[in-house]
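Below: coords-v2.cif (mmCIF, C-alpha atoms)
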data_entry
loop_
_atom_site.label_atom_id
_atom_site.label_comp_id
_atom_site.auth_asym_id
_atom_site.auth_seq_id
_atom_site.Cartn_x
_atom_site.Cartn_y
_atom_site.Cartn_z
CA MET J 1 -70.25 16.15 -68.47
CA ILE J 2 -70.14 19.43 -70.43
CA ARG J 3 -71.77 21.24 -67.52
CA ARG J 4 -69.12 19.87 -65.17
CA LEU J 5 -66.26 20.91 -67.46
CA ALA J 6 -67.71 24.41 -67.73
CA TRP J 7 -66.66 25.07 -64.15
CA TYR J 8 -63.00 24.37 -64.88
CA TRP J 9 -62.52 27.93 -66.13
CA LEU J 10 -62.48 28.87 -62.45
CA LEU J 11 -59.14 27.09 -61.98
CA PRO J 12 -56.99 29.54 -63.97
CA VAL J 13 -58.91 32.45 -62.46
CA ALA J 14 -58.22 31.15 -58.95
CA ALA J 15 -54.55 30.61 -59.85
CA VAL J 16 -54.22 34.22 -61.09
CA VAL J 17 -55.91 35.58 -57.95
CA TRP J 18 -53.64 33.41 -55.80
CA GLU J 19 -50.56 34.62 -57.67
CA LEU J 20 -51.44 38.31 -57.39
CA ALA J 21 -52.54 38.08 -53.76
CA THR J 22 -49.46 36.26 -52.53
CA ARG J 23 -47.08 38.55 -54.39
CA ALA J 24 -48.86 41.59 -52.95
CA ILE J 25 -48.82 40.23 -49.41
CA GLY J 26 -45.30 38.78 -49.61
CA ALA J 27 -46.03 36.03 -47.06
CA VAL J 28 -43.08 33.67 -46.66
CA TYR J 29 -45.25 30.67 -45.76
CA PHE J 30 -47.72 31.19 -48.61
CA PRO J 31 -45.73 31.30 -51.88
CA PRO J 32 -47.32 32.10 -55.26
CA PRO J 33 -48.32 29.25 -57.61
CA SER J 34 -45.51 30.06 -60.06
CA THR J 35 -42.92 29.44 -57.33
CA ILE J 36 -44.64 26.24 -56.22
CA LEU J 37 -44.89 24.84 -59.76
CA ALA J 38 -41.27 25.73 -60.48
CA ARG J 39 -40.15 23.88 -57.33
CA MET J 40 -42.39 20.94 -58.20
CA ARG J 41 -40.86 20.69 -61.65
CA GLU J 42 -37.34 20.96 -60.22
CA MET J 43 -37.99 18.19 -57.71
CA TRP J 44 -39.95 15.68 -59.76
CA PHE J 45 -40.48 16.59 -63.42
CA ALA J 46 -37.18 17.97 -64.75
CA GLY J 47 -35.79 14.64 -65.91
CA PRO J 48 -34.87 13.57 -69.44
CA PRO J 49 -37.58 12.63 -71.98
CA THR J 50 -36.34 9.03 -71.96
CA ARG J 51 -37.54 8.80 -68.35
CA LEU J 52 -40.86 10.59 -69.05
CA PHE J 53 -39.34 13.74 -67.51
CA LEU J 54 -39.18 12.10 -64.09
CA THR J 55 -36.21 12.96 -61.90
CA GLU J 56 -34.40 10.62 -59.53
CA GLU J 57 -36.40 12.16 -56.68
CA ALA J 58 -39.59 11.26 -58.52
CA ALA J 59 -38.48 7.64 -58.79
CA ALA J 60 -37.68 7.66 -55.07
CA ASP J 61 -40.83 9.50 -53.95
CA LEU J 62 -43.72 9.32 -56.40
CA LEU J 63 -43.43 5.76 -57.68
CA PRO J 64 -43.24 4.07 -54.23
CA SER J 65 -46.11 6.22 -52.95
CA LEU J 66 -48.33 5.40 -55.92
CA GLY J 67 -47.41 1.72 -55.70
CA ARG J 68 -48.39 1.52 -52.04
CA LEU J 69 -51.54 3.52 -52.73
CA ALA J 70 -52.64 1.12 -55.48
CA ALA J 71 -51.73 -2.05 -53.53
CA GLY J 72 -53.39 -0.94 -50.29
CA TRP J 73 -56.53 0.25 -52.05
CA ALA J 74 -56.83 -2.96 -54.08
CA VAL J 75 -56.50 -5.21 -51.02
CA ALA J 76 -58.97 -3.15 -48.98
CA ALA J 77 -61.45 -2.89 -51.87
CA ALA J 78 -61.43 -6.64 -52.51
CA ALA J 79 -61.73 -7.51 -48.81
CA GLY J 80 -64.38 -4.85 -48.19
CA VAL J 81 -66.61 -5.94 -51.07
CA ALA J 82 -66.32 -9.65 -50.24
CA LEU J 83 -66.96 -9.23 -46.50
CA GLY J 84 -69.65 -6.59 -47.03
CA VAL J 85 -71.66 -8.70 -49.45
CA ALA J 86 -71.35 -11.75 -47.19
CA LEU J 87 -72.54 -9.78 -44.16
CA GLY J 88 -75.32 -8.10 -46.10
CA ARG J 89 -76.78 -11.41 -47.27
CA SER J 90 -76.61 -13.11 -43.85
CA ARG J 91 -78.98 -11.66 -41.27
CA TRP J 92 -77.58 -13.50 -38.27
CA LEU J 93 -73.95 -12.88 -39.23
CA SER J 94 -74.69 -9.20 -39.79
CA ALA J 95 -76.36 -8.90 -36.37
CA LEU J 96 -73.30 -10.54 -34.80
CA VAL J 97 -70.55 -8.58 -36.54
CA GLU J 98 -72.11 -5.19 -37.35
CA PRO J 99 -71.42 -3.65 -33.89
CA LEU J 100 -67.74 -4.51 -34.34
CA VAL J 101 -67.79 -2.98 -37.82
CA HIS J 102 -69.16 0.32 -36.52
CA PHE J 103 -66.68 0.27 -33.65
CA GLY J 104 -63.76 -0.28 -36.01
CA ARG J 105 -64.75 2.43 -38.47
CA SER J 106 -65.22 4.92 -35.63
CA VAL J 107 -61.56 4.67 -34.63
CA PRO J 108 -59.48 7.21 -36.63
CA PRO J 109 -56.86 5.29 -38.63
CA ALA J 110 -54.17 7.84 -37.75
CA ALA J 111 -54.72 7.08 -34.05
CA LEU J 112 -53.71 3.46 -34.68
CA LEU J 113 -50.29 4.25 -36.16
CA PRO J 114 -48.56 3.60 -32.78
CA VAL J 115 -50.32 0.22 -32.67
CA PHE J 116 -49.21 -0.57 -36.22
CA LEU J 117 -45.64 0.27 -35.20
CA VAL J 118 -45.79 -2.60 -32.70
CA PHE J 119 -46.99 -5.21 -35.20
CA PHE J 120 -45.37 -4.12 -38.48
CA ARG J 121 -41.93 -3.08 -39.62
CA VAL J 122 -41.35 0.59 -40.38
CA GLY J 123 -41.66 1.19 -44.10
CA THR J 124 -43.94 -0.47 -46.62
CA PRO J 125 -45.62 -2.98 -44.23
CA ILE J 126 -46.89 -0.34 -41.81
CA GLN J 127 -47.92 1.97 -44.67
CA LEU J 128 -49.92 -0.77 -46.36
CA ALA J 129 -51.55 -1.66 -43.04
CA ALA J 130 -52.56 1.97 -42.48
CA ILE J 131 -53.98 2.33 -46.00
CA VAL J 132 -55.90 -0.95 -45.84
CA TYR J 133 -57.40 -0.11 -42.44
CA GLY J 134 -58.46 3.37 -43.51
CA VAL J 135 -59.93 2.26 -46.84
CA LEU J 136 -61.67 -0.93 -45.69
CA TRP J 137 -64.56 0.56 -43.71
CA PRO J 138 -66.42 2.71 -46.27
CA VAL J 139 -66.20 -0.11 -48.82
CA LEU J 140 -67.38 -2.69 -46.29
CA VAL J 141 -70.31 -0.65 -44.98
CA ASN J 142 -71.55 0.38 -48.44
CA ALA J 143 -71.23 -3.16 -49.82
CA MET J 144 -73.09 -4.51 -46.79
CA ASP J 145 -75.95 -2.03 -47.22
CA GLY J 146 -76.13 -2.62 -50.96
CA ALA J 147 -76.26 -6.40 -50.62
CA ARG J 148 -78.81 -6.23 -47.80
CA TYR J 149 -81.41 -4.29 -49.78
CA VAL J 150 -81.31 -6.09 -53.12
CA ASP J 151 -84.62 -5.90 -54.97
CA ARG J 152 -86.47 -9.17 -54.54
CA GLN J 153 -87.37 -9.19 -58.25
CA TYR J 154 -83.71 -9.69 -59.14
CA LEU J 155 -83.47 -12.77 -56.93
CA ASP J 156 -86.74 -14.19 -58.20
CA THR J 157 -85.59 -13.72 -61.80
CA ALA J 158 -82.32 -15.50 -61.02
CA GLN J 159 -84.25 -18.40 -59.49
CA VAL J 160 -86.60 -18.70 -62.47
CA PHE J 161 -83.75 -18.77 -65.00
CA HIS J 162 -81.52 -20.92 -62.77
CA LEU J 163 -78.85 -18.23 -62.53
CA ARG J 164 -76.27 -17.95 -59.80
CA ARG J 165 -77.36 -15.52 -57.08
CA TRP J 166 -73.99 -13.90 -56.26
CA PRO J 167 -73.44 -12.17 -59.62
CA ILE J 168 -77.00 -10.85 -59.42
CA VAL J 169 -76.43 -9.56 -55.88
CA LEU J 170 -73.16 -7.89 -56.88
CA ALA J 171 -74.77 -6.23 -59.89
CA ALA J 172 -77.75 -4.99 -57.88
CA ALA J 173 -75.52 -3.67 -55.09
CA GLY J 174 -73.19 -2.07 -57.64
CA PRO J 175 -74.22 1.59 -57.09
CA LYS J 176 -73.69 1.36 -53.32
CA ILE J 177 -70.44 -0.54 -53.75
CA PHE J 178 -69.08 2.03 -56.19
CA ALA J 179 -70.10 4.84 -53.82
CA GLY J 180 -67.93 3.27 -51.13
CA LEU J 181 -65.08 2.64 -53.54
CA ARG J 182 -65.13 6.24 -54.74
CA LEU J 183 -64.94 7.54 -51.17
CA SER J 184 -62.15 5.08 -50.41
CA VAL J 185 -59.91 6.48 -53.16
CA ALA J 186 -59.62 9.81 -51.33
CA LEU J 187 -59.12 8.02 -48.01
CA ALA J 188 -56.35 5.89 -49.52
CA LEU J 189 -54.54 9.05 -50.63
CA ILE J 190 -54.92 10.57 -47.16
CA MET J 191 -53.68 7.46 -45.37
CA MET J 192 -50.75 7.14 -47.79
CA VAL J 193 -49.54 10.62 -46.82
CA ILE J 194 -50.17 10.21 -43.08
CA SER J 195 -48.27 6.92 -42.94
CA GLU J 196 -45.35 8.42 -44.89
CA LEU J 197 -45.17 11.42 -42.58
CA TYR J 198 -44.44 9.25 -39.56
CA ALA J 199 -43.21 5.85 -40.69
CA SER J 200 -41.25 6.14 -43.91
CA SER J 201 -37.89 7.08 -45.35
CA GLU J 202 -39.35 7.72 -48.81
CA GLY J 203 -42.50 8.92 -50.50
CA ILE J 204 -44.39 12.17 -50.94
CA GLY J 205 -45.27 12.48 -47.25
CA HIS J 206 -41.66 11.90 -46.20
CA ARG J 207 -40.46 14.52 -48.69
CA MET J 208 -42.98 17.02 -47.31
CA ARG J 209 -41.75 16.38 -43.77
CA GLU J 210 -38.15 16.88 -44.85
CA ALA J 211 -39.16 20.14 -46.55
CA GLU J 212 -40.84 21.29 -43.36
CA GLY J 213 -37.74 20.49 -41.31
CA SER J 214 -35.48 22.41 -43.67
CA PHE J 215 -37.95 25.31 -44.05
CA ASP J 216 -38.23 24.65 -47.77
CA ILE J 217 -41.71 26.14 -47.98
CA PRO J 218 -42.10 25.89 -51.80
CA ALA J 219 -41.23 22.18 -51.66
CA MET J 220 -43.77 21.63 -48.91
CA TRP J 221 -46.46 23.36 -50.96
CA ALA J 222 -45.34 21.43 -54.04
CA GLY J 223 -46.24 18.23 -52.21
CA ILE J 224 -49.64 19.63 -51.20
CA VAL J 225 -50.45 20.75 -54.76
CA LEU J 226 -49.28 17.43 -56.19
CA LEU J 227 -51.56 15.54 -53.81
CA GLY J 228 -54.49 17.70 -54.90
CA ILE J 229 -53.72 17.02 -58.56
CA LEU J 230 -53.46 13.29 -57.86
CA GLY J 231 -56.82 13.39 -56.08
CA VAL J 232 -58.51 15.06 -59.06
CA LEU J 233 -56.95 12.62 -61.53
CA LEU J 234 -57.81 9.54 -59.49
CA ASN J 235 -61.38 10.74 -59.01
CA GLY J 236 -61.73 11.36 -62.75
CA VAL J 237 -60.41 7.91 -63.62
CA PHE J 238 -62.68 6.26 -61.09
CA LEU J 239 -65.74 8.15 -62.36
CA ALA J 240 -65.00 6.96 -65.90
CA VAL J 241 -64.74 3.35 -64.68
CA GLU J 242 -67.93 3.71 -62.63
CA ARG J 243 -69.92 5.12 -65.54
CA ARG J 244 -68.78 2.27 -67.76
CA ALA J 245 -69.52 -0.39 -65.16
CA LEU J 246 -72.99 0.94 -64.33
CA ARG J 247 -74.20 1.70 -67.85
CA TRP J 248 -76.87 -1.00 -67.54
CA ARG J 249 -78.25 0.76 -64.46
CA ARG J 250 -78.64 4.11 -66.24
CA GLY J 251 -80.34 2.41 -69.17
CA ARG J 252 -82.80 0.69 -66.87
CA THR J 253 -83.55 3.95 -65.02
CA ALA J 254 -84.09 5.84 -68.28
CA SER J 255 -86.51 3.22 -69.56
#
Give the structure from this file in structure tokens form.
Amino acid sequence: MIRRLAWYWLLPVAAVVWELATRAIGAVYFPPPSTILARMREMWFAGPPTRLFLTEEAAADLLPSLGRLAAGWAVAAAAGVALGVALGRSRWLSALVEPLVHFGRSVPPAALLPVFLVFFRVGTPIQLAAIVYGVLWPVLVNAMDGARYVDRQYLDTAQVFHLRRWPIVLAAAGPKIFAGLRLSVALALIMMVISELYASSEGIGHRMREAEGSFDIPAMWAGIVLLGILGVLLNGVFLAVERRALRWRRGRTAS
């Protein structure tokens, strides 16, 4: 953990280099970080303290985006883990369905947005569908692989002590499942933005598209930087949850 934090000193150095380089070049489409952060604050974080400094634009953009992100990820994670474990523990069902799984995950989710437009209303339904479809596959495949290769000793122990098999399978497949879930967090963020770019009247992606149309370059970059910050924060939260959930695994490996 300390070794990982030691690299964070590069962030302010990179920001200073970015600031000096962009001011020296004077590129219109590549503003300095100070301009981007000032525009970000003006758009989303210049509200009163009683509203946690959130502006009305933040309530209209950030909160709906984060809500759809959380809902879509939760649905896809639950479905992916349940289906993946079921497929991983059934040899004949896996042989029957696995080709369809690999076909489905090979289709880029963004390519299916026109199809989603046919079946779902523009707005939250189509955005949730896009997020769920994009997030489902890595969770499903990793859960399936984890459940398929459970150590036989775990199952024998469960049989000897008359324990239920499914909790043992889930615990043994935990590292693979969490690997898929961690990857899916970034995919959920990507699909949230893509769906809002083309099928939304609100959200971070919609605000970025409006900024592009009005040539508000700092606002467009503010959305990009905000998405990067959200990605770092979500990854950090997920790593903390993963370390806590898999503590028993680290203790077993150390022993």
Discussion item. Assuming the chain letters and numbering stay as they are in my file, what does the PyMOL selection byres ((chain J and resi 235) around 12) actually select? List them as a VMD selection string.
Written reply: chain J and resid 178 to 179 181 to 189 228 to 234 236 to 242
Discussion item. Could you list, as a count of residues only, every residue matched by the PyMOL selection byres ((chain J and resi 54-66) around 6) in this structure?
Written reply: 13
Worksheet item: Just how far from atom CA of J:Phe116 is atom CA of J:Val225, in Å to one decimal?
Response: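 Calculated distance between atom CA of J:Val225 and atom CA of J:Phe116 is 28.3 Å.
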Discussion item. Can you translate the PyMOL selection byres ((chain J and resi 142-152) around 6) into the concrete residues it hits in this file, as a list in words?
Written reply: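 When the PyMOL selection byres ((chain J and resi 142-152) around 6) is applied to the shown file, the picked residues are Val81, Gly84, Val85, Leu87, Gly88, Arg89, Val139, Leu140, Val141, Gln153, Tyr154, Leu155, Ala173, Lys176, Ile177 and Gly180 of chain J.
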Worksheet item: Which distance in Å separates atom CA of J:Ala219 and atom CA of J:Ala130, to one decimal?
Response: 24.9 Å
Please check which residues have atoms at most 12 Å from (-43.5, 23.4, -47.5) in the file's coordinates, counting all atoms listed in the file, and write them as an mmCIF file with C-alpha atoms, in the frame of the given file.
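Result saved to selection-v9.cif:
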data_model
loop_
_atom_site.group_PDB
_atom_site.id
_atom_site.type_symbol
_atom_site.label_atom_id
_atom_site.label_comp_id
_atom_site.auth_asym_id
_atom_site.auth_seq_id
_atom_site.Cartn_x
_atom_site.Cartn_y
_atom_site.Cartn_z
ATOM 1 C CA VAL J 28 -43.080 33.670 -46.660
ATOM 2 C CA TYR J 29 -45.250 30.670 -45.760
ATOM 3 C CA PHE J 30 -47.720 31.190 -48.610
ATOM 4 C CA PRO J 31 -45.730 31.300 -51.880
ATOM 5 C CA THR J 35 -42.920 29.440 -57.330
ATOM 6 C CA ILE J 36 -44.640 26.240 -56.220
ATOM 7 C CA ARG J 39 -40.150 23.880 -57.330
ATOM 8 C CA MET J 40 -42.390 20.940 -58.200
ATOM 9 C CA ILE J 204 -44.390 12.170 -50.940
ATOM 10 C CA GLY J 205 -45.270 12.480 -47.250
ATOM 11 C CA HIS J 206 -41.660 11.900 -46.200
ATOM 12 C CA ARG J 207 -40.460 14.520 -48.690
ATOM 13 C CA MET J 208 -42.980 17.020 -47.310
ATOM 14 C CA ARG J 209 -41.750 16.380 -43.770
ATOM 15 C CA GLU J 210 -38.150 16.880 -44.850
ATOM 16 C CA ALA J 211 -39.160 20.140 -46.550
ATOM 17 C CA GLU J 212 -40.840 21.290 -43.360
ATOM 18 C CA GLY J 213 -37.740 20.490 -41.310
ATOM 19 C CA SER J 214 -35.480 22.410 -43.670
ATOM 20 C CA PHE J 215 -37.950 25.310 -44.050
ATOM 21 C CA ASP J 216 -38.230 24.650 -47.770
ATOM 22 C CA ILE J 217 -41.710 26.140 -47.980
ATOM 23 C CA PRO J 218 -42.100 25.890 -51.800
ATOM 24 C CA ALA J 219 -41.230 22.180 -51.660
ATOM 25 C CA MET J 220 -43.770 21.630 -48.910
ATOM 26 C CA TRP J 221 -46.460 23.360 -50.960
ATOM 27 C CA ALA J 222 -45.340 21.430 -54.040
ATOM 28 C CA GLY J 223 -46.240 18.230 -52.210
ATOM 29 C CA ILE J 224 -49.640 19.630 -51.200
ATOM 30 C CA VAL J 225 -50.450 20.750 -54.760
#
Worksheet entry | Counting all atoms listed in the file, the option among J:Leu83, J:Val17, J:Val193, J:Ala172 closest to J:Ala110 |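 Closest to J:Ala110 of all the choices is J:Val193.
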Practice prompt. Mind giving me the straight-line distance from atom CA of J:His102 to atom CA of J:Leu136 in Å, one decimal?
Written response: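 Separation of atom CA of J:His102 and atom CA of J:Leu136: 11.9 Å.
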Give, as JSON, the centre coordinates and the x, y and z edge lengths in Å to one decimal for an axis-aligned box around all listed atoms of stretch 55-58 of chain J, padded by 5 Å on each side.
{"center_x": -37.0, "center_y": 11.8, "center_z": -59.3, "size_x": 15.2, "size_y": 12.3, "size_z": 15.2}
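In terms of minimum interatomic distance to J:Gln127, J:Ala71 ranks closest within J:Leu11, J:Ala95, J:Ala245, J:Ala71, counting all atoms listed in the file.
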Worksheet, complete the sentence: Judged by all atoms listed in the file, the minimum distance to J:Ala111 among J:Pro99, J:Gly174, J:Gly134, J:Pro125 is found for J:Gly134
Practice prompt. Check the smallest atom-to-atom distance from each of J:Leu117, J:Val135, J:Met192, J:Ala79 to J:Gly104 using only C-alpha atoms, then report the winner.
Written response: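 With only C-alpha atoms as the atom set, the closest residue is J:Val135.
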